[in-house]
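Data from final.csv: CSV, C-alpha atoms
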```csv
chain,number,residue,atom,x,y,z
A,1,MET,CA,-54.9,169.4,64.8
A,2,SER,CA,-55.0,170.9,68.3
A,3,PRO,CA,-57.5,169.7,71.0
A,4,LEU,CA,-59.4,173.0,70.7
A,5,HIS,CA,-60.0,172.3,67.0
A,6,TYR,CA,-61.5,168.9,67.8
A,7,LEU,CA,-63.7,170.6,70.5
A,8,VAL,CA,-65.0,173.2,68.1
A,9,ILE,CA,-65.8,170.6,65.4
A,10,ALA,CA,-67.7,168.6,68.1
A,11,LEU,CA,-69.6,171.6,69.2
A,12,LEU,CA,-70.6,172.6,65.7
A,13,ILE,CA,-71.9,169.0,65.1
A,14,LEU,CA,-73.7,168.8,68.4
A,15,MET,CA,-75.5,172.2,68.1
A,16,PRO,CA,-77.6,171.6,64.9
A,17,ALA,CA,-78.3,168.0,65.9
A,18,SER,CA,-79.5,168.9,69.3
A,19,SER,CA,-81.5,172.0,68.1
A,20,GLN,CA,-83.2,169.8,65.5
A,21,ALA,CA,-84.2,167.3,68.1
A,22,GLN,CA,-85.3,169.7,70.7
A,23,GLY,CA,-86.4,172.8,68.7
A,24,VAL,CA,-90.0,171.8,68.5
A,25,ALA,CA,-90.3,170.9,72.2
A,26,ASP,CA,-88.3,173.8,73.5
A,27,GLY,CA,-87.4,176.7,71.3
A,28,ASP,CA,-85.2,178.3,74.0
A,29,ARG,CA,-82.5,175.6,73.8
A,30,LEU,CA,-80.6,177.3,71.0
A,31,THR,CA,-80.2,181.1,71.2
A,32,PHE,CA,-78.2,183.6,69.1
A,33,SER,CA,-77.1,187.1,70.1
A,34,GLY,CA,-74.7,189.7,68.9
A,35,PHE,CA,-73.0,193.0,69.7
A,36,GLY,CA,-71.0,195.7,68.0
A,37,THR,CA,-69.5,199.1,67.9
A,38,LEU,CA,-69.3,201.8,65.2
A,39,GLY,CA,-66.5,204.1,66.3
A,40,LEU,CA,-64.7,207.2,65.1
A,41,ILE,CA,-61.6,208.7,66.6
A,42,HIS,CA,-60.0,212.1,65.9
A,43,ASN,CA,-56.3,212.4,66.8
A,44,SER,CA,-54.8,215.9,67.3
A,45,SER,CA,-51.2,214.6,66.9
A,46,ASP,CA,-49.2,214.4,63.7
A,47,GLU,CA,-46.3,212.6,65.4
A,48,ALA,CA,-48.0,209.4,66.8
A,49,ALA,CA,-50.9,207.1,65.9
A,50,PHE,CA,-53.2,205.9,68.7
A,51,VAL,CA,-54.1,202.2,69.1
A,52,ARG,CA,-56.6,200.5,71.5
A,53,ASP,CA,-54.2,197.7,72.4
A,54,LEU,CA,-50.9,196.0,71.6
A,55,GLY,CA,-52.4,193.8,68.9
A,56,GLN,CA,-53.2,196.6,66.5
A,57,PRO,CA,-50.5,197.2,63.8
A,58,LYS,CA,-51.8,200.6,62.7
A,59,GLY,CA,-53.4,203.4,64.7
A,60,ALA,CA,-55.5,206.4,64.4
A,61,GLN,CA,-53.3,209.1,62.9
A,62,GLU,CA,-54.0,212.8,62.7
A,63,GLY,CA,-57.6,213.3,61.6
A,64,TRP,CA,-60.5,210.8,61.7
A,65,SER,CA,-60.3,207.0,61.8
A,66,ALA,CA,-63.0,204.3,62.1
A,67,ARG,CA,-60.6,201.4,62.3
A,68,THR,CA,-59.5,201.4,66.0
A,69,ASP,CA,-62.8,200.9,67.9
A,70,SER,CA,-65.2,199.4,65.3
A,71,LEU,CA,-66.1,195.7,65.8
A,72,LEU,CA,-68.9,193.1,65.4
A,73,GLY,CA,-69.4,190.1,67.5
A,74,ALA,CA,-71.8,187.1,67.5
A,75,GLN,CA,-72.6,184.4,70.0
A,76,ALA,CA,-74.5,181.1,69.9
A,77,ALA,CA,-75.6,179.2,73.0
A,78,LEU,CA,-77.0,175.7,73.2
A,79,LYS,CA,-78.6,174.2,76.3
A,80,LEU,CA,-78.1,170.5,76.1
A,81,ASN,CA,-79.9,169.6,79.3
A,82,ASP,CA,-80.3,171.0,82.8
A,83,ARG,CA,-76.6,170.6,83.6
A,84,PHE,CA,-74.7,171.0,80.3
A,85,ASP,CA,-74.6,173.9,77.8
A,86,VAL,CA,-72.3,175.0,75.0
A,87,THR,CA,-71.3,178.5,73.9
A,88,LEU,CA,-69.5,179.8,70.8
A,89,GLN,CA,-68.5,183.5,70.3
A,90,GLY,CA,-66.6,185.2,67.4
A,91,ILE,CA,-65.5,188.8,67.0
A,92,SER,CA,-64.5,190.7,63.9
A,93,ARG,CA,-62.2,193.6,64.8
A,94,TYR,CA,-59.0,195.2,63.6
A,95,HIS,CA,-56.1,193.1,64.9
A,96,TYR,CA,-52.6,191.9,64.4
A,97,SER,CA,-53.2,190.5,60.8
A,98,GLY,CA,-53.9,194.1,59.7
A,99,ASP,CA,-57.6,193.4,58.8
A,100,PHE,CA,-60.9,192.5,60.4
A,101,SER,CA,-60.8,188.8,59.9
A,102,PRO,CA,-63.0,187.0,62.5
A,103,GLN,CA,-61.5,185.4,65.6
A,104,LEU,CA,-63.0,182.6,67.7
A,105,THR,CA,-62.9,184.1,71.3
A,106,TRP,CA,-65.2,181.6,73.1
A,107,ALA,CA,-65.8,177.9,72.5
A,108,PHE,CA,-66.6,176.0,75.7
A,109,VAL,CA,-68.7,173.4,77.3
A,110,ARG,CA,-70.2,174.3,80.7
A,111,TYR,CA,-71.2,171.9,83.4
A,112,THR,CA,-73.4,173.2,86.3
A,113,PRO,CA,-74.1,170.4,88.7
A,114,SER,CA,-75.7,172.8,91.3
A,115,PRO,CA,-76.3,176.6,91.7
A,116,ALA,CA,-73.0,176.8,93.7
A,117,TRP,CA,-70.7,175.1,91.2
A,118,GLN,CA,-69.8,175.7,87.6
A,119,TRP,CA,-67.1,174.0,85.4
A,120,ARG,CA,-66.0,175.1,81.9
A,121,ALA,CA,-63.6,173.6,79.4
A,122,GLY,CA,-62.5,175.0,76.0
A,123,ARG,CA,-61.7,178.5,74.8
A,124,LEU,CA,-62.5,180.9,77.6
A,125,GLY,CA,-62.4,184.6,78.2
A,126,TRP,CA,-59.5,185.6,80.4
A,127,ASP,CA,-61.2,187.6,83.1
A,128,THR,CA,-58.4,187.8,85.7
A,129,TYR,CA,-58.9,191.6,85.5
A,130,MET,CA,-62.3,193.0,86.3
A,131,LEU,CA,-64.3,193.7,83.1
A,132,SER,CA,-61.7,192.1,80.9
A,133,ASP,CA,-64.0,189.3,79.8
A,134,SER,CA,-66.5,191.9,78.4
A,135,GLN,CA,-64.1,194.6,77.2
A,136,TYR,CA,-65.3,194.3,73.6
A,137,VAL,CA,-69.0,194.6,74.4
A,138,GLY,CA,-69.2,198.4,74.5
A,139,TYR,CA,-72.9,198.4,75.4
A,140,THR,CA,-72.1,197.0,78.9
A,141,TYR,CA,-70.2,200.1,80.0
A,142,SER,CA,-70.5,203.9,79.7
A,143,TRP,CA,-67.1,204.7,78.2
A,144,ILE,CA,-66.2,204.7,74.5
A,145,ARG,CA,-63.6,202.0,75.3
A,146,PRO,CA,-62.1,200.6,78.5
A,147,PRO,CA,-59.2,202.8,79.6
A,148,VAL,CA,-56.3,202.1,77.2
A,149,ASP,CA,-53.7,202.9,79.9
A,150,HIS,CA,-55.1,200.0,81.9
A,151,TYR,CA,-56.5,197.4,79.5
A,152,GLY,CA,-54.4,198.2,76.4
A,153,ILE,CA,-51.4,196.5,77.8
A,154,LEU,CA,-53.2,193.2,78.3
A,155,GLN,CA,-51.4,190.5,76.4
A,156,LEU,CA,-54.2,187.9,76.4
A,157,ALA,CA,-57.8,188.0,75.3
A,158,CYS,CA,-58.7,184.3,75.9
A,159,ILE,CA,-57.2,181.1,77.1
A,160,ASP,CA,-57.5,177.4,76.1
A,161,GLY,CA,-58.1,175.5,79.3
A,162,VAL,CA,-60.5,174.9,82.1
A,163,ASP,CA,-62.0,176.9,85.0
A,164,VAL,CA,-64.2,176.2,88.0
A,165,THR,CA,-66.3,178.7,90.0
A,166,PHE,CA,-67.8,178.2,93.5
A,167,ARG,CA,-70.4,180.6,94.9
A,168,HIS,CA,-71.6,180.9,98.5
A,169,PRO,CA,-73.6,183.4,100.5
A,170,LEU,CA,-71.5,185.2,103.1
A,171,GLY,CA,-72.3,188.0,105.6
A,172,GLY,CA,-75.4,189.2,103.8
A,173,GLY,CA,-73.7,189.2,100.4
A,174,LEU,CA,-72.4,186.7,97.9
A,175,ALA,CA,-68.8,185.4,97.7
A,176,TRP,CA,-67.4,183.5,94.8
A,177,VAL,CA,-64.0,182.2,93.8
A,178,LYS,CA,-62.8,181.2,90.3
A,179,LEU,CA,-59.7,179.1,89.5
A,180,PHE,CA,-58.4,178.6,86.0
A,181,ALA,CA,-55.5,176.8,84.2
A,182,GLY,CA,-54.5,176.6,80.5
A,183,ARG,CA,-52.4,178.2,77.8
A,184,SER,CA,-52.8,181.0,75.3
A,185,ASP,CA,-51.3,182.5,72.1
A,186,SER,CA,-51.3,186.2,71.3
A,187,HIS,CA,-49.7,188.6,68.8
A,188,LEU,CA,-48.0,191.9,69.5
A,189,VAL,CA,-47.3,194.4,66.7
A,190,LEU,CA,-45.3,197.6,67.5
A,191,SER,CA,-44.5,198.7,64.0
A,192,GLU,CA,-44.4,197.4,60.4
A,193,ALA,CA,-40.8,196.2,61.2
A,194,LEU,CA,-41.4,194.7,64.6
A,195,SER,CA,-43.8,192.1,65.9
A,196,ALA,CA,-43.8,189.2,68.3
A,197,GLU,CA,-45.9,186.0,68.7
A,198,MET,CA,-46.6,185.3,72.4
A,199,GLU,CA,-46.8,181.6,73.5
A,200,VAL,CA,-48.0,181.5,77.1
A,201,SER,CA,-48.0,178.1,78.7
A,202,HIS,CA,-48.7,176.8,82.2
A,203,LEU,CA,-51.0,179.7,82.8
A,204,TYR,CA,-52.9,179.4,86.1
A,205,GLY,CA,-54.5,181.6,88.7
A,206,GLY,CA,-57.8,182.8,90.1
A,207,HIS,CA,-59.8,185.6,91.7
A,208,LEU,CA,-61.8,186.1,94.8
A,209,ASN,CA,-65.0,188.1,94.6
A,210,TYR,CA,-67.5,189.6,97.1
A,211,ALA,CA,-70.7,191.4,96.3
A,212,ILE,CA,-72.8,193.1,98.9
A,213,GLY,CA,-75.5,195.7,98.2
A,214,PRO,CA,-74.2,198.1,95.6
A,215,TRP,CA,-70.6,197.1,96.1
A,216,GLN,CA,-68.5,194.4,94.3
A,217,PHE,CA,-64.8,193.7,95.1
A,218,ARG,CA,-62.2,191.5,93.3
A,219,ALA,CA,-58.7,190.4,94.1
A,220,SER,CA,-56.9,188.4,91.4
A,221,TYR,CA,-53.6,186.5,90.9
A,222,ALA,CA,-52.2,184.8,87.8
A,223,GLN,CA,-48.9,183.3,86.8
A,224,ALA,CA,-47.7,182.2,83.4
A,225,ASP,CA,-44.6,180.8,81.6
A,226,ASN,CA,-43.7,182.5,78.4
A,227,ALA,CA,-41.9,181.9,75.1
A,228,SER,CA,-41.8,184.7,72.6
A,229,ASP,CA,-40.8,184.6,68.9
A,230,PHE,CA,-39.7,188.1,67.9
A,231,SER,CA,-39.6,189.0,64.2
A,232,VAL,CA,-37.6,192.1,63.1
A,233,ASP,CA,-37.5,193.4,59.5
A,234,ARG,CA,-33.9,194.7,59.4
A,235,ASP,CA,-34.4,196.7,56.2
A,236,ALA,CA,-37.5,198.4,57.5
A,237,ALA,CA,-35.8,199.0,60.9
A,238,ALA,CA,-32.9,200.7,59.2
A,239,LYS,CA,-35.4,203.2,57.7
A,240,THR,CA,-37.2,203.7,61.0
A,241,PRO,CA,-34.6,204.5,63.8
A,242,SER,CA,-37.3,204.4,66.5
A,243,THR,CA,-37.7,200.7,65.8
A,244,LEU,CA,-34.4,200.0,67.5
A,245,LEU,CA,-35.8,201.6,70.8
A,246,LEU,CA,-39.1,199.7,70.3
A,247,ASN,CA,-37.1,196.4,69.8
A,248,THR,CA,-35.3,196.9,73.1
A,249,LEU,CA,-38.5,197.9,74.9
A,250,LEU,CA,-40.4,194.9,73.5
A,251,GLU,CA,-37.6,192.4,74.5
A,252,GLN,CA,-37.5,193.9,78.0
A,253,ALA,CA,-41.2,194.0,78.4
A,254,PHE,CA,-42.1,190.5,77.0
A,255,THR,CA,-39.0,188.3,77.1
A,256,TYR,CA,-39.3,186.5,80.4
A,257,ASP,CA,-39.5,183.0,81.6
A,258,SER,CA,-42.5,183.7,83.9
A,259,ILE,CA,-44.7,186.6,84.9
A,260,GLN,CA,-46.9,187.2,87.9
A,261,LEU,CA,-50.0,189.4,87.7
A,262,TYR,CA,-51.8,191.0,90.7
A,263,SER,CA,-55.1,193.0,90.4
A,264,LEU,CA,-57.5,194.7,92.8
A,265,GLY,CA,-60.8,196.2,91.7
A,266,ALA,CA,-64.0,197.6,93.2
A,267,THR,CA,-67.3,198.8,91.7
A,268,TYR,CA,-70.3,200.7,93.1
A,269,GLU,CA,-73.6,201.0,91.4
A,270,GLN,CA,-76.7,202.4,93.2
A,271,ASN,CA,-79.5,204.6,92.0
A,272,SER,CA,-77.7,206.9,89.5
A,273,TRP,CA,-74.1,206.5,90.6
A,274,GLN,CA,-71.6,204.3,88.8
A,275,LEU,CA,-68.1,204.2,90.4
A,276,GLN,CA,-65.2,202.0,89.5
A,277,ALA,CA,-61.5,201.8,90.6
A,278,MET,CA,-58.8,199.2,89.6
A,279,GLN,CA,-55.1,198.7,90.1
A,280,ASN,CA,-52.8,196.1,88.4
A,281,ARG,CA,-49.2,195.1,88.8
A,282,SER,CA,-47.3,192.7,86.6
A,283,VAL,CA,-43.9,191.5,87.7
A,284,THR,CA,-41.5,189.4,85.6
A,285,ASP,CA,-38.6,187.2,86.7
A,286,GLN,CA,-36.3,189.7,85.1
A,287,ASP,CA,-37.3,192.4,87.6
A,288,GLY,CA,-39.5,194.1,85.1
A,289,ARG,CA,-42.7,195.8,86.3
A,290,ILE,CA,-45.8,197.2,84.8
A,291,ASP,CA,-48.2,199.3,87.0
A,292,SER,CA,-51.6,200.5,85.7
A,293,GLY,CA,-54.8,201.7,87.2
A,294,PHE,CA,-57.9,203.9,86.7
A,295,ILE,CA,-60.8,205.5,88.6
A,296,SER,CA,-64.1,206.4,87.0
A,297,ALA,CA,-67.3,208.1,88.1
A,298,GLY,CA,-70.6,208.4,86.3
A,299,TYR,CA,-74.0,209.7,87.1
A,300,ARG,CA,-77.2,208.7,85.2
A,301,VAL,CA,-79.8,211.4,84.5
A,302,GLY,CA,-82.7,210.0,82.6
A,303,GLN,CA,-81.2,208.5,79.4
A,304,ALA,CA,-77.9,210.3,79.7
A,305,THR,CA,-74.8,209.3,81.7
A,306,PRO,CA,-72.0,211.8,81.9
A,307,TYR,CA,-68.7,210.5,83.3
A,308,VAL,CA,-65.2,211.4,84.2
A,309,MET,CA,-62.1,209.1,84.4
A,310,TYR,CA,-58.4,209.2,85.2
A,311,SER,CA,-56.0,206.4,84.1
A,312,ARG,CA,-52.3,205.9,84.1
A,313,ILE,CA,-49.6,203.4,83.2
A,314,GLN,CA,-45.9,203.1,84.1
A,315,THR,CA,-43.4,200.4,83.1
A,316,SER,CA,-40.0,199.9,84.6
A,317,PHE,CA,-37.3,197.6,83.3
A,318,PRO,CA,-33.7,197.5,84.7
A,319,ASP,CA,-31.9,197.6,81.3
A,320,ILE,CA,-33.7,200.6,80.0
A,321,PRO,CA,-31.9,203.9,80.6
A,322,ALA,CA,-33.1,205.6,83.8
A,323,GLY,CA,-35.3,202.6,84.5
A,324,GLU,CA,-38.2,204.1,82.6
A,325,SER,CA,-39.5,202.8,79.3
A,326,PHE,CA,-43.1,203.9,79.1
A,327,ARG,CA,-45.2,206.3,81.1
A,328,GLN,CA,-48.4,208.2,80.4
A,329,GLN,CA,-51.7,209.3,82.0
A,330,THR,CA,-55.1,210.2,80.7
A,331,TRP,CA,-58.0,212.4,81.8
A,332,SER,CA,-61.3,211.5,80.1
A,333,LEU,CA,-64.7,213.2,80.0
A,334,GLY,CA,-67.6,211.6,78.2
A,335,LEU,CA,-71.3,211.1,77.8
A,336,ARG,CA,-73.4,208.1,77.1
A,337,TYR,CA,-77.0,208.5,75.8
A,338,ASP,CA,-79.3,205.4,75.7
A,339,VAL,CA,-81.4,205.8,72.5
A,340,ALA,CA,-83.2,202.5,73.1
A,341,THR,CA,-82.9,199.4,75.2
A,342,ASN,CA,-80.3,198.0,72.9
A,343,LEU,CA,-78.7,201.1,71.4
A,344,ALA,CA,-76.4,203.7,73.0
A,345,LEU,CA,-74.7,206.8,71.6
A,346,LYS,CA,-71.4,207.9,73.1
A,347,THR,CA,-68.9,210.7,72.9
A,348,GLN,CA,-65.6,211.0,74.8
A,349,LEU,CA,-62.8,213.5,75.1
A,350,ASP,CA,-59.3,212.2,76.1
A,351,ARG,CA,-56.4,214.4,77.1
A,352,ILE,CA,-53.4,212.1,77.1
A,353,HIS,CA,-50.0,213.2,78.6
A,354,VAL,CA,-47.3,211.0,77.2
A,355,LEU,CA,-44.4,211.4,79.6
A,356,GLU,CA,-42.3,208.5,78.2
A,357,PRO,CA,-43.4,207.2,74.7
A,358,GLY,CA,-43.6,203.6,73.6
A,359,LEU,CA,-45.8,200.5,73.4
A,360,LEU,CA,-49.3,202.0,72.8
A,361,TRP,CA,-48.4,204.3,69.9
A,362,ARG,CA,-47.6,203.6,66.2
A,363,ASN,CA,-45.8,205.5,63.4
A,364,THR,CA,-43.9,207.7,65.9
A,365,ASP,CA,-41.3,210.1,64.7
A,366,ALA,CA,-37.7,209.1,65.5
A,367,ASP,CA,-37.2,212.1,67.8
A,368,TRP,CA,-40.6,212.0,69.5
A,369,GLU,CA,-40.3,212.4,73.2
A,370,GLY,CA,-44.0,212.5,74.1
A,371,GLU,CA,-46.5,215.3,74.2
A,372,ARG,CA,-50.0,216.1,75.2
A,373,ILE,CA,-52.5,214.6,72.8
A,374,THR,CA,-56.2,215.2,72.5
A,375,LEU,CA,-58.6,212.5,71.2
A,376,VAL,CA,-62.2,213.0,70.3
A,377,SER,CA,-64.2,209.8,70.0
A,378,LEU,CA,-67.7,209.1,68.8
A,379,GLY,CA,-69.4,205.7,69.1
A,380,LEU,CA,-72.6,203.8,68.5
A,381,ASP,CA,-72.9,200.6,70.6
A,382,PHE,CA,-75.6,198.0,70.0
A,383,ILE,CA,-76.7,194.5,71.0
A,384,PHE,CA,-79.1,192.2,69.3
```
Show me this structure written as structure tokens.
Amino acid sequence: MSPLHYLVIALLILMPASSQAQGVADGDRLTFSGFGTLGLIHNSSDEAAFVRDLGQPKGAQEGWSARTDSLLGAQAALKLNDRFDVTLQGISRYHYSGDFSPQLTWAFVRYTPSPAWQWRAGRLGWDTYMLSDSQYVGYTYSWIRPPVDHYGILQLACIDGVDVTFRHPLGGGLAWVKLFAGRSDSHLVLSEALSAEMEVSHLYGGHLNYAIGPWQFRASYAQADNASDFSVDRDAAAKTPSTLLLNTLLEQAFTYDSIQLYSLGATYEQNSWQLQAMQNRSVTDQDGRIDSGFISAGYRVGQATPYVMYSRIQTSFPDIPAGESFRQQTWSLGLRYDVATNLALKTQLDRIHVLEPGLLWRNTDADWEGERITLVSLGLDFIF
């Protein structure tokens, strides 16, 4: 049994015991909350199926699908005393196992000795990229989903380890730095015949943040050692010629001894305006590179927030012909309408130009060389 399993068992024992002891004196010690999304996608293409990230084995094919974006999450938090608290979070969403079986995404103990310092240990959200720690809580942002060109390539959703955060006022604003270290497992599925289990060890890094007025900035760095276990169904691969290309692409993109990740991000929120821009670069020790980024602008008018967004991704690996293995860009136009304080309706139109196919598409034809694809998405986001 891993250390995380022992930690989860200890948390589950502590939570009811503490709540029973303190519930009468202080009903706020134990709190429960939740979030979810009911989503529909219509794909115009009959040659490729759309997925939200690398962990989804099947995608939204031509027509309507509710599988890709729909999810349900729940969270429990227990305040042990003025300095210690415990948090558990689980999410049910379509993932690598081919179903909606729940996953434990957070399970940590937090120690806050002062307003400036915070320490956490356990299973933590991996927030080296701006917004990545809340990418499944659709109610917190205006889009149907975070831009797939940017966040869909993320290999990790959480880490098992520790982090420390220090905050300090600076120049009229607030500066804070977070450092983290740990390990993580994840699963990648590119087709029914091709999958990989990612074992990321010696993961460490941090990010520097600064918020002043309506602005917030972040610069991040992370490094990880990697060991991948590829699984190829040869019989299925023989029936699907495109699997051979995907196998080469997967090995080039994710077979490396170490990877370095760099990220810059900025957000602006004042009055009715909501602006966001981010840029990431991942570099492997095999000279592979993944560049992604997006820019988004929204303007709130009453209960409605229309927005526009542009995103792109480009990967480059030396052993892939012409040095290009995957390249696409997306223009998005959408509208969020806040029905209530905990309920939002959304619609989004994506026009995706697939210049070099791969990675973020499923069930592609063997001779598919990319195209312009239109997605129409509907969503209902809620918190409780």
Do you know which residues lie at most 12 Å from (-80.1, 199.0, 101.1), with coordinates as in the file and all atoms listed in the file counted, and could you write them as a list in words? Gly172, Gly173, Ile212, Gly213, Pro214, Trp215, Glu269, Gln270 and Asn271 of chain A
Please report the interatomic distance between CA of Leu349 in chain A and CA of Ile383 in chain A in Å with one decimal.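 Going from CA of Leu349 in chain A over to CA of Ile383 in chain A, I get 23.9 Å.
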So how many Å separate CA of Arg120 in chain A and CA of Leu170 in chain A, to one decimal?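 About the pair CA of Arg120 in chain A and CA of Leu170 in chain A: they are 24.1 Å apart.
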Kindly give the distance, in Å, that separates CA of Thr87 in chain A and CA of Leu104 in chain A, rounded to a single decimal. 11.1 Å
Nearby residues (only C-alpha atoms) at most 10 Å from Trp64 in chain A, same-chain spacing under 2 positions excluded, as JSON, numbers by chain: {"A": [40, 41, 42, 43, 44, 60, 61, 62, 66, 67, 375, 376, 377]}
Using all atoms listed in the file, which residue out of A:Asn209, A:Gln314, A:Gln348, A:Thr284 lies closest to Tyr129 in chain A?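 Ranking A:Asn209, A:Gln314, A:Gln348, A:Thr284 by distance to Tyr129 in chain A, first place goes to A:Asn209.
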A:Leu174, A:Ala76, A:Ala181, A:Val301 ranked by distance to Gln274 in chain A, top pick (using only C-alpha atoms):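 Counting only C-alpha atoms, the residue closest to Gln274 in chain A is A:Val301.
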Name the closest residue to Phe382 in chain A among the candidates A:Ser220, A:Gln103, A:Thr37, A:Gln56; distances are taken between atoms, counting only C-alpha atoms.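 Among the listed residues, the smallest separation from Phe382 in chain A belongs to A:Thr37.
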Closest to Asn280 in chain A among A:Asp149, A:Ala304, A:Pro357, A:Asp257, using all atoms listed in the file?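 Once distances to Asn280 in chain A are computed over all atoms listed in the file, the minimum belongs to A:Asp149.
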